[in-house]
Amino acid sequence: MTRTDRETVRKIQKCPDAFLSSDVDGELIIVHGQTGGFFSLKQVGYQIWRALDDESDLTRICERLCEEYSVAPEECSSSVALFAQQLVDAGFAEYA
């Protein structure tokens with residue numbers, strides 16, 4: 001998927017049956033049940049992951065992040081889209 005394609009897909013959802021997760025001292029460790037691949041999420045990555053519990057729309061998640069942090073909307077959108085793609089590629093989420 002190209003950068004432009006990633007940025008036009010605006011919704012993702014977690015694949016809860018695909019992973020196990022644990023919070024360790026403010027860091028979230030997510031392990032894929034079949035592949036053994038894992039992510040270690042801190043700060044903004046962890047915040048985005050938690051936001052996906054209530055919100056699948058990446059645009060709305062970006063709006064929240066822009067309100068909290070001093071980041072340009074375009075930069076936020078691009079970064080969140082890339083992070084979402086990494087979650088999908090690793091099998092922790094899927095496009096909705």
# chains A, B, ... in the order shown; residues from 1 in each chain; ligands from 1
>>> residues_around(residues="A:Phe83", least_positions_apart="5", cutoff="12 Å", atoms="only C-alpha atoms", output="NGL selection string")
:A and (3 or 6-7 or 12 or 39 or 41 or 44-49 or 58 or 62 or 76-78 or 88-90 or 92-93)
>>> select_by_dssp(residues="chain A", states="helix (DSSP H, G or I)", output="count of residues only")
47
>>> closest_residue(among="A:Glu63, A:Thr35, A:Asp17, A:Gln43", to="A:Glu75", atoms="only C-alpha atoms")
A:Glu63
>>> select_by_dssp(residues="chain A", states="strand (DSSP E or B)", output="PDB file with C-alpha atoms, in the first residue's frame")
ATOM      1  CA  LYS A  11     -10.592   3.568   9.723  1.00  0.00           C
ATOM      2  CA  ILE A  12      -8.956   0.608  11.416  1.00  0.00           C
ATOM      3  CA  GLN A  13      -9.957  -1.761  14.158  1.00  0.00           C
ATOM      4  CA  LYS A  14      -8.013  -4.032  16.455  1.00  0.00           C
ATOM      5  CA  PHE A  19      -2.800 -10.841  20.137  1.00  0.00           C
ATOM      6  CA  LEU A  20      -2.087 -10.790  23.838  1.00  0.00           C
ATOM      7  CA  SER A  21      -1.090  -7.584  25.556  1.00  0.00           C
ATOM      8  CA  SER A  22       0.282  -6.472  28.887  1.00  0.00           C
ATOM      9  CA  ASP A  23       1.032  -3.106  30.422  1.00  0.00           C
ATOM     10  CA  VAL A  24       4.487  -3.042  31.988  1.00  0.00           C
ATOM     11  CA  GLU A  27       4.632   0.538  28.255  1.00  0.00           C
ATOM     12  CA  LEU A  28       2.284  -1.771  26.369  1.00  0.00           C
ATOM     13  CA  ILE A  29       3.673  -5.009  25.019  1.00  0.00           C
ATOM     14  CA  ILE A  30       1.540  -6.609  22.290  1.00  0.00           C
ATOM     15  CA  VAL A  31       2.433 -10.122  21.107  1.00  0.00           C
ATOM     16  CA  HIS A  32       0.851 -11.732  18.049  1.00  0.00           C
ATOM     17  CA  PHE A  38       5.540  -8.012  19.018  1.00  0.00           C
ATOM     18  CA  PHE A  39       5.237  -4.283  19.443  1.00  0.00           C
ATOM     19  CA  SER A  40       6.315  -2.225  22.406  1.00  0.00           C
ATOM     20  CA  LEU A  41       4.189   0.910  22.615  1.00  0.00           C
ATOM     21  CA  ASP A  57     -11.671   6.793  12.606  1.00  0.00           C
ATOM     22  CA  ALA A  93      -5.371  -4.472  13.379  1.00  0.00           C
ATOM     23  CA  GLU A  94      -7.278  -4.414  10.100  1.00  0.00           C
ATOM     24  CA  TYR A  95      -8.771  -1.737   7.922  1.00  0.00           C
TER      25      TYR A  95
END
>>> closest_residue(among="A:Ile61, A:Leu87, A:Ala96, A:Cys15", to="A:Pro73", atoms="only C-alpha atoms")
A:Ile61
>>> closest_residue(among="A:Pro16, A:Gly91, A:Ala84, A:Gly26", to="A:Thr59", atoms="only C-alpha atoms")
A:Ala84
>>> atom_distance(atom1="atom CA of A:Gly36", atom2="atom CA of A:Ala81")
23.6 Å
